[in-house]
file entry-v6.cif (mmCIF, C-alpha atoms and all ligand atoms)
data_model
loop_
_atom_site.label_atom_id
_atom_site.label_comp_id
_atom_site.auth_asym_id
_atom_site.auth_seq_id
_atom_site.Cartn_x
_atom_site.Cartn_y
_atom_site.Cartn_z
CA MET W 1 76.81 110.50 92.60
CA ASN W 2 80.29 110.97 94.06
CA THR W 3 81.01 108.75 97.03
CA ASN W 4 82.06 109.98 100.44
CA VAL W 5 84.58 107.54 101.95
CA LYS W 6 86.68 107.32 105.08
CA ALA W 7 90.42 107.76 104.87
CA TYR W 8 93.53 108.47 106.92
CA GLY W 9 95.76 111.39 106.05
CA ALA W 10 97.52 114.53 107.21
CA HIS W 11 96.65 118.23 106.92
CA ALA W 12 100.29 119.39 107.10
CA GLY W 13 103.81 117.96 107.03
CA ASP W 14 104.31 118.47 110.74
CA ARG W 15 100.95 117.02 111.74
CA PRO W 16 100.17 113.35 112.49
CA LEU W 17 97.83 111.39 110.25
CA GLU W 18 94.19 111.43 111.35
CA PRO W 19 90.80 110.18 110.14
CA MET W 20 89.22 112.24 107.36
CA ASN W 21 86.41 111.98 104.83
CA ILE W 22 87.25 112.21 101.13
CA ILE W 23 85.27 112.16 97.88
CA ARG W 24 85.68 109.56 95.12
CA ARG W 25 84.33 110.39 91.66
CA VAL W 26 81.56 108.46 89.94
CA PRO W 27 83.31 105.93 87.70
CA GLY W 28 83.68 107.31 84.16
CA ALA W 29 83.36 105.15 81.04
CA HIS W 30 86.88 103.69 81.47
CA ASP W 31 87.03 103.72 85.26
CA VAL W 32 87.12 100.91 87.77
CA ARG W 33 85.93 101.47 91.35
CA ILE W 34 87.72 99.33 93.91
CA ASP W 35 86.68 98.59 97.48
CA ILE W 36 90.10 98.63 99.11
CA ALA W 37 90.84 95.67 101.36
CA TYR W 38 94.48 96.39 102.21
CA CYS W 39 97.09 99.06 101.58
CA GLY W 40 100.82 98.64 102.17
CA VAL W 41 102.90 101.33 103.87
CA CYS W 42 105.88 102.47 101.76
CA HIS W 43 108.73 104.66 103.00
CA SER W 44 107.78 107.06 100.19
CA ASP W 45 104.53 107.64 102.12
CA ILE W 46 106.59 108.99 105.03
CA HIS W 47 108.80 111.14 102.77
CA GLN W 48 105.74 112.68 101.12
CA VAL W 49 103.28 113.08 103.98
CA ARG W 50 106.02 114.71 106.06
CA ALA W 51 106.91 117.00 103.14
CA GLU W 52 110.50 115.66 103.06
CA TRP W 53 110.40 115.79 99.25
CA ALA W 54 109.36 119.02 97.53
CA GLY W 55 105.76 119.58 96.50
CA THR W 56 103.46 117.74 98.88
CA ARG W 57 99.87 118.95 98.59
CA PHE W 58 97.63 118.80 101.64
CA PRO W 59 95.45 117.19 102.77
CA CYS W 60 97.65 114.22 101.88
CA VAL W 61 96.23 110.70 101.94
CA PRO W 62 99.18 108.38 101.20
CA GLY W 63 99.14 104.79 100.00
CA HIS W 64 100.10 103.22 96.67
CA GLU W 65 100.15 99.52 97.46
CA ILE W 66 96.44 98.91 97.04
CA VAL W 67 94.51 95.65 96.72
CA GLY W 68 90.81 94.97 96.86
CA ARG W 69 87.73 94.00 94.92
CA VAL W 70 86.11 95.74 92.00
CA SER W 71 82.72 97.14 93.06
CA ALA W 72 81.72 99.02 89.87
CA VAL W 73 83.00 99.56 86.34
CA GLY W 74 82.30 102.18 83.68
CA ALA W 75 80.33 101.41 80.52
CA GLN W 76 83.44 100.95 78.32
CA VAL W 77 85.35 98.65 80.70
CA SER W 78 85.51 95.07 79.48
CA ALA W 79 88.62 93.65 81.19
CA PHE W 80 87.25 93.91 84.75
CA LYS W 81 83.93 93.21 86.40
CA ALA W 82 82.48 93.56 89.89
CA GLY W 83 84.00 91.04 92.29
CA ASP W 84 87.42 90.77 90.58
CA LEU W 85 90.51 90.83 92.82
CA VAL W 86 92.69 93.70 91.65
CA GLY W 87 95.48 96.05 92.61
CA VAL W 88 96.56 99.64 92.01
CA GLY W 89 100.17 100.67 92.41
CA CYS W 90 101.90 104.05 92.18
CA ILE W 91 100.33 105.24 88.91
CA VAL W 92 96.69 106.22 88.21
CA ASP W 93 97.15 108.18 84.99
CA SER W 94 99.63 109.27 82.30
CA CYS W 95 99.41 110.96 78.89
CA LYS W 96 98.83 107.57 77.17
CA HIS W 97 100.49 108.61 73.86
CA CYS W 98 104.14 109.61 74.42
CA ASP W 99 107.00 107.22 73.61
CA ASP W 100 107.18 106.10 77.24
CA CYS W 101 103.45 105.31 77.44
CA ALA W 102 103.57 103.58 74.05
CA ALA W 103 106.40 101.41 75.39
CA GLY W 104 104.39 100.51 78.49
CA LEU W 105 106.75 102.62 80.60
CA GLU W 106 104.08 104.93 82.00
CA ASN W 107 106.31 105.34 85.06
CA TYR W 108 108.64 107.50 82.93
CA CYS W 109 105.88 109.55 81.23
CA ASP W 110 106.37 113.27 81.92
CA HIS W 111 102.66 113.44 82.75
CA MET W 112 102.47 110.40 85.00
CA VAL W 113 99.94 110.99 87.78
CA GLY W 114 100.86 109.40 91.07
CA THR W 115 98.22 107.54 93.05
CA TYR W 116 98.48 110.30 95.63
CA ASN W 117 99.73 113.87 95.41
CA GLY W 118 99.29 113.99 91.62
CA PRO W 119 97.23 116.57 89.67
CA THR W 120 93.59 115.67 88.98
CA PRO W 121 90.34 117.50 88.20
CA ASP W 122 88.77 115.59 91.13
CA ALA W 123 88.44 117.38 94.48
CA PRO W 124 90.59 118.58 96.15
CA GLY W 125 92.69 118.98 92.95
CA HIS W 126 95.26 116.32 93.75
CA THR W 127 95.01 112.54 93.95
CA LEU W 128 94.37 110.83 97.28
CA GLY W 129 95.82 107.40 97.94
CA GLY W 130 95.02 104.03 99.36
CA TYR W 131 94.76 104.67 103.09
CA SER W 132 91.03 104.78 102.33
CA GLN W 133 87.97 102.64 101.76
CA GLN W 134 87.69 103.06 97.98
CA ILE W 135 89.55 104.29 94.95
CA VAL W 136 88.47 104.98 91.36
CA ALA W 137 91.09 104.55 88.63
CA HIS W 138 91.24 104.31 84.84
CA GLU W 139 91.27 100.64 83.80
CA ARG W 140 94.70 100.96 82.17
CA TYR W 141 96.28 101.34 85.62
CA VAL W 142 94.38 98.50 87.33
CA LEU W 143 96.24 95.20 87.78
CA ARG W 144 94.81 91.72 88.06
CA VAL W 145 95.68 89.74 91.21
CA ARG W 146 96.00 85.99 90.63
CA HIS W 147 97.22 84.99 94.09
CA PRO W 148 94.80 83.11 96.36
CA GLU W 149 92.53 85.53 98.22
CA ALA W 150 93.93 84.36 101.58
CA GLN W 151 97.25 85.99 100.60
CA LEU W 152 95.70 89.30 99.59
CA ALA W 153 97.14 91.41 102.42
CA ALA W 154 100.65 90.15 101.66
CA VAL W 155 100.18 90.85 97.94
CA ALA W 156 99.62 94.58 98.56
CA PRO W 157 103.35 95.48 98.91
CA LEU W 158 104.08 93.94 95.52
CA LEU W 159 102.35 96.95 93.93
CA CYS W 160 105.28 99.21 94.85
CA ALA W 161 108.03 97.35 96.72
CA GLY W 162 107.65 94.40 94.34
CA ILE W 163 107.73 96.25 91.03
CA THR W 164 110.39 98.75 92.16
CA THR W 165 112.81 95.88 92.72
CA TYR W 166 111.57 93.54 89.95
CA SER W 167 112.00 96.14 87.19
CA PRO W 168 115.72 96.90 87.72
CA LEU W 169 116.49 93.22 88.40
CA ARG W 170 114.99 92.39 84.99
CA TYR W 171 116.50 95.40 83.21
CA TRP W 172 120.02 94.53 84.41
CA ASN W 173 119.47 90.80 83.76
CA ALA W 174 119.58 89.31 87.24
CA GLY W 175 119.55 85.55 86.80
CA PRO W 176 121.66 82.40 86.88
CA GLY W 177 125.40 83.10 86.92
CA LYS W 178 124.92 86.68 88.16
CA LYS W 179 125.99 87.93 91.60
CA VAL W 180 123.43 90.44 92.85
CA GLY W 181 123.65 92.57 96.00
CA VAL W 182 120.62 94.07 97.74
CA VAL W 183 121.42 96.94 100.10
CA GLY W 184 118.97 97.62 102.97
CA ILE W 185 116.56 94.98 104.17
CA GLY W 186 113.34 96.93 104.47
CA GLY W 187 110.13 96.79 102.45
CA LEU W 188 111.88 97.12 99.08
CA GLY W 189 115.02 95.22 100.06
CA HIS W 190 113.25 92.12 101.35
CA MET W 191 111.30 91.91 98.08
CA GLY W 192 114.52 92.44 96.11
CA ILE W 193 116.08 89.46 97.90
CA LYS W 194 113.06 87.22 97.25
CA LEU W 195 112.81 88.22 93.59
CA ALA W 196 116.52 88.01 92.76
CA HIS W 197 116.61 84.59 94.39
CA ALA W 198 113.57 83.44 92.38
CA MET W 199 115.25 84.71 89.19
CA GLY W 200 118.18 82.39 89.95
CA ALA W 201 120.88 84.93 90.88
CA HIS W 202 123.43 84.46 93.67
CA VAL W 203 122.09 86.97 96.19
CA VAL W 204 124.03 88.84 98.86
CA ALA W 205 122.05 90.98 101.31
CA PHE W 206 123.69 94.07 102.89
CA THR W 207 122.24 95.33 106.14
CA THR W 208 123.18 97.75 108.89
CA SER W 209 121.23 95.59 111.36
CA GLU W 210 123.03 92.57 112.80
CA SER W 211 119.61 91.27 113.86
CA LYS W 212 118.53 90.89 110.20
CA ARG W 213 121.49 88.70 109.21
CA GLU W 214 119.65 85.43 109.81
CA ASP W 215 116.41 86.71 108.28
CA ALA W 216 118.25 87.53 105.08
CA ARG W 217 119.01 83.86 104.59
CA THR W 218 115.39 82.91 105.23
CA LEU W 219 114.26 85.48 102.67
CA GLY W 220 116.45 83.83 100.04
CA ALA W 221 119.88 85.46 100.30
CA ASP W 222 122.83 83.14 99.76
CA GLU W 223 124.99 85.37 101.96
CA ALA W 224 124.41 88.29 104.31
CA VAL W 225 126.88 91.09 105.07
CA VAL W 226 126.69 93.62 107.88
CA SER W 227 127.80 96.67 105.92
CA ARG W 228 129.24 98.44 108.98
CA ASN W 229 131.93 95.74 109.11
CA PRO W 230 134.81 96.69 106.72
CA ALA W 231 136.36 93.22 106.70
CA GLU W 232 133.08 91.62 105.62
CA MET W 233 132.71 94.25 102.90
CA ALA W 234 136.28 93.78 101.65
CA ALA W 235 135.69 90.06 101.18
CA HIS W 236 133.27 90.95 98.34
CA ALA W 237 135.47 93.53 96.54
CA LYS W 238 135.13 93.66 92.73
CA SER W 239 132.71 90.74 92.57
CA PHE W 240 129.16 91.98 91.83
CA ASP W 241 127.37 92.23 88.50
CA LEU W 242 124.55 94.30 90.01
CA ILE W 243 123.82 96.02 93.30
CA LEU W 244 120.30 97.21 94.05
CA ASN W 245 120.48 99.97 96.65
CA THR W 246 117.20 100.53 98.52
CA VAL W 247 118.46 102.61 101.45
CA ALA W 248 116.17 105.48 102.44
CA ALA W 249 118.96 107.72 103.85
CA PRO W 250 122.13 109.39 102.51
CA HIS W 251 125.22 107.21 102.82
CA ASN W 252 128.65 106.54 101.34
CA LEU W 253 128.11 104.97 97.91
CA ASP W 254 131.83 104.34 97.33
CA ALA W 255 131.77 101.50 99.84
CA PHE W 256 129.35 99.64 97.54
CA LEU W 257 130.75 100.80 94.17
CA ALA W 258 134.05 99.15 95.19
CA LEU W 259 132.23 95.84 95.29
CA LEU W 260 131.23 95.96 91.59
CA LYS W 261 133.29 94.00 89.13
CA ARG W 262 134.25 95.36 85.71
CA ASP W 263 131.17 96.77 83.95
CA GLY W 264 129.04 96.20 87.03
CA THR W 265 126.13 98.52 87.88
CA MET W 266 124.76 99.85 91.12
CA THR W 267 121.22 101.11 90.67
CA LEU W 268 119.67 103.41 93.25
CA VAL W 269 116.01 102.95 94.09
CA GLY W 270 116.12 104.44 97.60
CA ALA W 271 115.13 108.13 97.40
CA PRO W 272 116.45 109.96 100.47
CA SER W 273 115.27 113.50 101.14
CA SER W 274 118.83 114.86 101.05
CA PRO W 275 121.56 113.80 98.59
CA HIS W 276 124.13 111.07 99.02
CA PRO W 277 127.71 112.34 99.24
CA SER W 278 128.93 112.41 95.62
CA PRO W 279 130.88 109.27 94.75
CA GLU W 280 134.59 109.37 94.01
CA VAL W 281 135.27 109.52 90.26
CA PHE W 282 137.78 106.70 90.66
CA SER W 283 135.07 104.44 92.08
CA LEU W 284 133.45 104.61 88.64
CA ILE W 285 136.27 104.93 86.10
CA MET W 286 138.18 102.03 87.58
CA LYS W 287 136.47 98.94 86.16
CA ARG W 288 134.10 101.00 83.94
CA ARG W 289 131.39 100.87 86.60
CA SER W 290 127.94 102.43 86.27
CA LEU W 291 125.82 104.21 88.84
CA ALA W 292 122.17 104.21 87.77
CA GLY W 293 118.64 104.77 89.03
CA SER W 294 115.24 103.19 88.47
CA MET W 295 111.70 104.27 89.31
CA ILE W 296 108.90 101.76 90.03
CA GLY W 297 107.93 100.07 86.72
CA GLY W 298 105.41 100.34 83.89
CA ILE W 299 101.94 98.81 83.95
CA PRO W 300 102.66 95.76 81.70
CA GLU W 301 105.75 94.93 83.75
CA THR W 302 103.80 95.36 86.99
CA GLN W 303 101.31 92.75 85.74
CA GLU W 304 104.23 90.53 84.69
CA MET W 305 105.71 90.88 88.19
CA LEU W 306 102.38 90.02 89.88
CA ASP W 307 102.02 86.94 87.67
CA PHE W 308 105.67 85.95 88.31
CA CYS W 309 105.03 86.23 92.05
CA ALA W 310 101.76 84.26 91.84
CA GLY W 311 103.57 81.56 89.85
CA HIS W 312 106.46 81.37 92.34
CA GLY W 313 104.34 81.70 95.49
CA ILE W 314 105.99 85.02 96.38
CA VAL W 315 104.33 87.54 98.69
CA ALA W 316 105.70 90.12 101.12
CA ASP W 317 106.43 89.43 104.80
CA ILE W 318 103.95 91.71 106.52
CA GLU W 319 102.64 93.03 109.82
CA LEU W 320 98.95 93.85 109.51
CA ILE W 321 97.85 97.01 111.35
CA ARG W 322 94.72 99.03 111.92
CA ALA W 323 94.62 102.43 110.22
CA ASP W 324 94.79 104.19 113.59
CA ALA W 325 98.21 102.58 114.24
CA ILE W 326 99.78 104.37 111.26
CA ASN W 327 101.66 107.10 113.15
CA ASP W 328 103.30 104.53 115.41
CA ALA W 329 104.09 102.36 112.37
CA TYR W 330 105.96 105.28 110.75
CA GLU W 331 108.11 105.71 113.86
CA ARG W 332 108.91 102.02 113.88
CA MET W 333 109.85 102.08 110.17
CA LEU W 334 112.27 104.92 110.83
CA LYS W 335 113.97 102.70 113.42
CA GLY W 336 114.10 99.77 110.97
CA ASP W 337 111.64 97.96 113.23
CA VAL W 338 109.33 96.25 110.73
CA LYS W 339 109.50 92.76 109.28
CA TYR W 340 109.19 93.72 106.57
CA ARG W 341 106.17 95.75 105.48
CA PHE W 342 103.27 97.24 107.41
CA VAL W 343 99.94 96.72 105.68
CA ILE W 344 96.80 98.58 106.72
CA ASP W 345 93.63 96.53 107.09
CA CYS W 346 91.30 99.04 105.46
CA ALA W 347 88.25 97.41 107.05
CA SER W 348 89.47 99.12 110.25
CA LEU W 349 88.60 102.50 108.68
CA ALA W 350 84.90 101.71 109.00
CA ALA W 351 85.07 101.27 112.78
P1 LIG W 401 112.13 100.87 104.56
O1 LIG W 401 111.18 99.73 104.65
O2 LIG W 401 112.13 101.89 105.63
O3 LIG W 401 113.58 100.24 104.37
C1 LIG W 401 114.74 101.02 104.21
C2 LIG W 401 115.95 100.23 104.71
O4 LIG W 401 117.12 100.99 104.48
C3 LIG W 401 115.92 99.98 106.19
O5 LIG W 401 115.17 98.84 106.55
C4 LIG W 401 117.38 99.80 106.50
O6 LIG W 401 117.78 98.45 106.22
C5 LIG W 401 118.09 100.64 105.48
N1 LIG W 401 118.67 101.83 106.14
C6 LIG W 401 119.93 101.93 106.52
N2 LIG W 401 120.18 103.07 107.11
C7 LIG W 401 119.03 103.75 107.11
C8 LIG W 401 118.65 105.00 107.62
N3 LIG W 401 119.52 105.83 108.22
N4 LIG W 401 117.36 105.37 107.49
C9 LIG W 401 116.47 104.57 106.89
N5 LIG W 401 116.80 103.35 106.38
C10 LIG W 401 118.07 102.95 106.50
O7 LIG W 401 111.89 101.69 103.22
P2 LIG W 401 111.31 101.18 101.81
O8 LIG W 401 109.84 101.33 101.81
O9 LIG W 401 111.96 99.91 101.46
O10 LIG W 401 111.85 102.36 100.86
C11 LIG W 401 113.24 102.55 100.70
C12 LIG W 401 113.51 103.81 99.89
O11 LIG W 401 113.08 103.58 98.54
C13 LIG W 401 112.75 105.05 100.34
O12 LIG W 401 113.61 106.18 100.20
C14 LIG W 401 111.59 105.14 99.38
O13 LIG W 401 111.10 106.46 99.23
C15 LIG W 401 112.27 104.68 98.12
N6 LIG W 401 111.37 104.19 97.07
C16 LIG W 401 111.75 104.42 95.80
C17 LIG W 401 110.99 103.92 94.75
C18 LIG W 401 111.44 104.08 93.35
O14 LIG W 401 110.61 104.02 92.45
N7 LIG W 401 112.72 104.28 93.10
C19 LIG W 401 109.81 103.23 95.03
C20 LIG W 401 109.46 103.00 96.35
C21 LIG W 401 110.25 103.48 97.37
P3 LIG W 401 118.86 97.68 107.14
O15 LIG W 401 118.29 97.67 108.53
O16 LIG W 401 118.91 96.35 106.51
O17 LIG W 401 120.15 98.43 107.02
ZN ZN W 402 106.22 103.01 97.32
#

call {"tool": "encode", "arguments": {"input": "entry-v6.cif", "output": "structure tokens"}}
result
Amino acid sequence: MNTNVKAYGAHAGDRPLEPMNIIRRVPGAHDVRIDIAYCGVCHSDIHQVRAEWAGTRFPCVPGHEIVGRVSAVGAQVSAFKAGDLVGVGCIVDSCKHCDDCAAGLENYCDHMVGTYNGPTPDAPGHTLGGYSQQIVAHERYVLRVRHPEAQLAAVAPLLCAGITTYSPLRYWNAGPGKKVGVVGIGGLGHMGIKLAHAMGAHVVAFTTSESKREDARTLGADEAVVSRNPAEMAAHAKSFDLILNTVAAPHNLDAFLALLKRDGTMTLVGAPSSPHPSPEVFSLIMKRRSLAGSMIGGIPETQEMLDFCAGHGIVADIELIRADAINDAYERMLKGDVKYRFVIDCASLAA
């Protein structure tokens, strides 16, 4: 029998999130049912539930930083059993046979199904995310959590913020001898700082918030720059191998491209709802610089990231909230007032 579970979501882009009941399917042969303990709150949740990106389907239940315990598995599932600590990130399905899927890069599959707002035969015809009590997902997209259970809430943000920063840091070889910038100290940015530091890079954090300067050092940055200050920016001209830009709003990219050394790359992971001003051609052709992008990460790399974090004792810095605090949490995120990720205690949905 399908299960009726409690969730938090919105009925329209201009409506606040509110309690709702949703249906989860009976686990199929390859499915894993997870009792969700915690779900992180990503800025993408705001973009989508407020219909800032095209194509939001309503009702929309956001949430793709999911951790919890397996409560049932289908007959063909052998890798997971009831009681296991697991996670689900941004992906719950893909075609499973294209070149991208074969390479473990399901995130780039043309038929990737997002954990929420993706097409599915399940009611109501689109996927519903982790601001809920349970989720059912194909075993391929379920990750094993090896952190101690006491850290579970702070593990949740690794499922999106962690992999979205880990993947480009690995792809562009962040490590010893490399100077890496992280722009924007929010949910993604604070993970980018921790991960680049753990990989052995020299890390410089860029923030618009003077109040985060000291935090940046605590998070693992070797230096912190307030990007509104031109003299501080100029001191780093032509010096970076890689800049990871996590900012959730349009801004002047040239100011950061000028900080790349020859053959350096700035990769965009922030996904604002309106475009950045187009960069100056000379910002790129001088010094043969690259401007790139990167989207989350594939399933094998997400497991690699979780294991890397477990091995290095890395979790997110979080503020745990009840589900009914979500609308206020969104407003605070828009003001940059979160250190550094809200995580919903999904047990609060039962109350
Ligand atoms: P967040 O926690 O809200 O952090 C964004 C940070 O950007 C802020 O903390 C702030 O840092 C900086 N910022 C500067 N000016 C801003 C402005 N006008 N408005 C908002 N932020 C501003 O967001 P997040 O969850 O890290 O997500 C960041 C972006 O990445 C979002 O657009 C999200 O949709 C996108 N995203 C992309 C992927 C992907 O696969 N590529 C995955 C997840 C999320 P300072 O105070 O330090 O300046
Ligand atoms: Zn996300």

call {"tool": "residues_around", "arguments": {"input": "entry-v6.cif", "residues": "segment 48-58 of chain W", "least_positions_apart": "4", "cutoff": "10 Å", "atoms": "all atoms listed in the file", "output": "list in words"}}
result
Gly9, Ala10, His11, Ala12, Gly13, Asp14, Arg15, Pro16, Leu17, His43, Ser44, Pro62, Tyr116, Asn117, Gly118, Pro119, Pro124, Gly125, His126, Thr127, Leu128, Ala271, Pro272, Ser273 and Ser274 of chain W

call {"tool": "closest_residue", "arguments": {"input": "entry-v6.cif", "among": "W:Val281, W:Leu257, W:Cys346, W:Ala198", "to": "His312 of chain W", "atoms": "all atoms listed in the file"}}
result
W:Ala198

call {"tool": "residues_near_ligand", "arguments": {"input": "entry-v6.cif", "ligand": "ligand LIG 401 (chain W)", "cutoff": "8 Å", "atoms": "all atoms listed in the file", "output": "ChimeraX atom specification"}}
result
/W:41-47,160-161,164,183-190,206-209,212,227,246-251,268-273,293-297,333-338,340-341

call {"tool": "closest_residue", "arguments": {"input": "entry-v6.cif", "among": "W:Val226, W:Ile193, W:Val92, W:Val61", "to": "His111 of chain W", "atoms": "only C-alpha atoms"}}
result
W:Val92

call {"tool": "closest_residue", "arguments": {"input": "entry-v6.cif", "among": "W:Leu158, W:Met1, W:Val26, W:Ala82", "to": "ligand ZN 402 (chain W)", "atoms": "all atoms listed in the file"}}
result
W:Leu158

call {"tool": "atom_distance", "arguments": {"input": "entry-v6.cif", "atom1": "atom CA of Ala156 of chain W", "atom2": "atom CA of Cys90 of chain W"}}
result
11.6 Å

call {"tool": "residues_around", "arguments": {"input": "entry-v6.cif", "residues": "Glu304 of chain W", "least_positions_apart": "3", "cutoff": "12 Å", "atoms": "all atoms listed in the file", "output": "number ranges by chain"}}
result
W: 104, 143-146, 158-159, 162-163, 166-167, 170, 297-301, 307-311

call {"tool": "atom_distance", "arguments": {"input": "entry-v6.cif", "atom1": "atom CA of Ala29 of chain W", "atom2": "atom CA of Cys60 of chain W"}}
result
26.8 Å

call {"tool": "closest_residue", "arguments": {"input": "entry-v6.cif", "among": "W:Phe342, W:His202, W:Phe256, W:Ala216", "to": "ligand ZN 402 (chain W)", "atoms": "only C-alpha atoms and all ligand atoms"}}
result
W:Phe342

call {"tool": "build_atoms", "arguments": {"input": "entry-v6.cif", "residues": "segment 73-86 of chain W", "atoms": "N, CA, C and O atoms", "output": "PDB file, in the coordinates of the input"}}
result
ATOM      1  N   VAL W  73      82.173  99.212  87.502  1.00  0.00           N
ATOM      2  CA  VAL W  73      83.000  99.560  86.340  1.00  0.00           C
ATOM      3  C   VAL W  73      82.205 100.469  85.410  1.00  0.00           C
ATOM      4  O   VAL W  73      80.976 100.411  85.361  1.00  0.00           O
ATOM      5  N   GLY W  74      82.932 101.298  84.654  1.00  0.00           N
ATOM      6  CA  GLY W  74      82.300 102.180  83.680  1.00  0.00           C
ATOM      7  C   GLY W  74      81.824 101.395  82.455  1.00  0.00           C
ATOM      8  O   GLY W  74      82.218 100.237  82.240  1.00  0.00           O
ATOM      9  N   ALA W  75      81.009 102.074  81.641  1.00  0.00           N
ATOM     10  CA  ALA W  75      80.330 101.410  80.520  1.00  0.00           C
ATOM     11  C   ALA W  75      81.298 100.813  79.493  1.00  0.00           C
ATOM     12  O   ALA W  75      80.984  99.817  78.849  1.00  0.00           O
ATOM     13  N   GLN W  76      82.485 101.408  79.345  1.00  0.00           N
ATOM     14  CA  GLN W  76      83.440 100.950  78.320  1.00  0.00           C
ATOM     15  C   GLN W  76      84.429  99.907  78.845  1.00  0.00           C
ATOM     16  O   GLN W  76      85.281  99.440  78.086  1.00  0.00           O
ATOM     17  N   VAL W  77      84.349  99.567  80.120  1.00  0.00           N
ATOM     18  CA  VAL W  77      85.350  98.650  80.700  1.00  0.00           C
ATOM     19  C   VAL W  77      84.939  97.214  80.403  1.00  0.00           C
ATOM     20  O   VAL W  77      83.826  96.804  80.736  1.00  0.00           O
ATOM     21  N   SER W  78      85.854  96.464  79.762  1.00  0.00           N
ATOM     22  CA  SER W  78      85.510  95.070  79.480  1.00  0.00           C
ATOM     23  C   SER W  78      86.451  94.091  80.192  1.00  0.00           C
ATOM     24  O   SER W  78      86.120  92.925  80.380  1.00  0.00           O
ATOM     25  N   ALA W  79      87.625  94.566  80.612  1.00  0.00           N
ATOM     26  CA  ALA W  79      88.620  93.650  81.190  1.00  0.00           C
ATOM     27  C   ALA W  79      88.335  93.327  82.655  1.00  0.00           C
ATOM     28  O   ALA W  79      88.869  92.348  83.184  1.00  0.00           O
ATOM     29  N   PHE W  80      87.526  94.132  83.327  1.00  0.00           N
ATOM     30  CA  PHE W  80      87.250  93.910  84.750  1.00  0.00           C
ATOM     31  C   PHE W  80      85.747  93.929  84.991  1.00  0.00           C
ATOM     32  O   PHE W  80      85.009  94.615  84.280  1.00  0.00           O
ATOM     33  N   LYS W  81      85.344  93.180  86.022  1.00  0.00           N
ATOM     34  CA  LYS W  81      83.930  93.210  86.400  1.00  0.00           C
ATOM     35  C   LYS W  81      83.832  93.193  87.927  1.00  0.00           C
ATOM     36  O   LYS W  81      84.825  92.868  88.618  1.00  0.00           O
ATOM     37  N   ALA W  82      82.681  93.536  88.437  1.00  0.00           N
ATOM     38  CA  ALA W  82      82.480  93.560  89.890  1.00  0.00           C
ATOM     39  C   ALA W  82      82.870  92.210  90.480  1.00  0.00           C
ATOM     40  O   ALA W  82      82.554  91.158  89.926  1.00  0.00           O
ATOM     41  N   GLY W  83      83.588  92.258  91.612  1.00  0.00           N
ATOM     42  CA  GLY W  83      84.000  91.040  92.290  1.00  0.00           C
ATOM     43  C   GLY W  83      85.431  90.627  92.005  1.00  0.00           C
ATOM     44  O   GLY W  83      86.020  89.843  92.755  1.00  0.00           O
ATOM     45  N   ASP W  84      86.046  91.150  90.919  1.00  0.00           N
ATOM     46  CA  ASP W  84      87.420  90.770  90.580  1.00  0.00           C
ATOM     47  C   ASP W  84      88.403  91.246  91.666  1.00  0.00           C
ATOM     48  O   ASP W  84      88.259  92.351  92.209  1.00  0.00           O
ATOM     49  N   LEU W  85      89.426  90.424  91.918  1.00  0.00           N
ATOM     50  CA  LEU W  85      90.510  90.830  92.820  1.00  0.00           C
ATOM     51  C   LEU W  85      91.533  91.621  92.006  1.00  0.00           C
ATOM     52  O   LEU W  85      92.049  91.115  91.001  1.00  0.00           O
ATOM     53  N   VAL W  86      91.816  92.824  92.446  1.00  0.00           N
ATOM     54  CA  VAL W  86      92.690  93.700  91.650  1.00  0.00           C
ATOM     55  C   VAL W  86      93.632  94.505  92.549  1.00  0.00           C
ATOM     56  O   VAL W  86      93.468  94.536  93.777  1.00  0.00           O
TER      57      VAL W  86
END
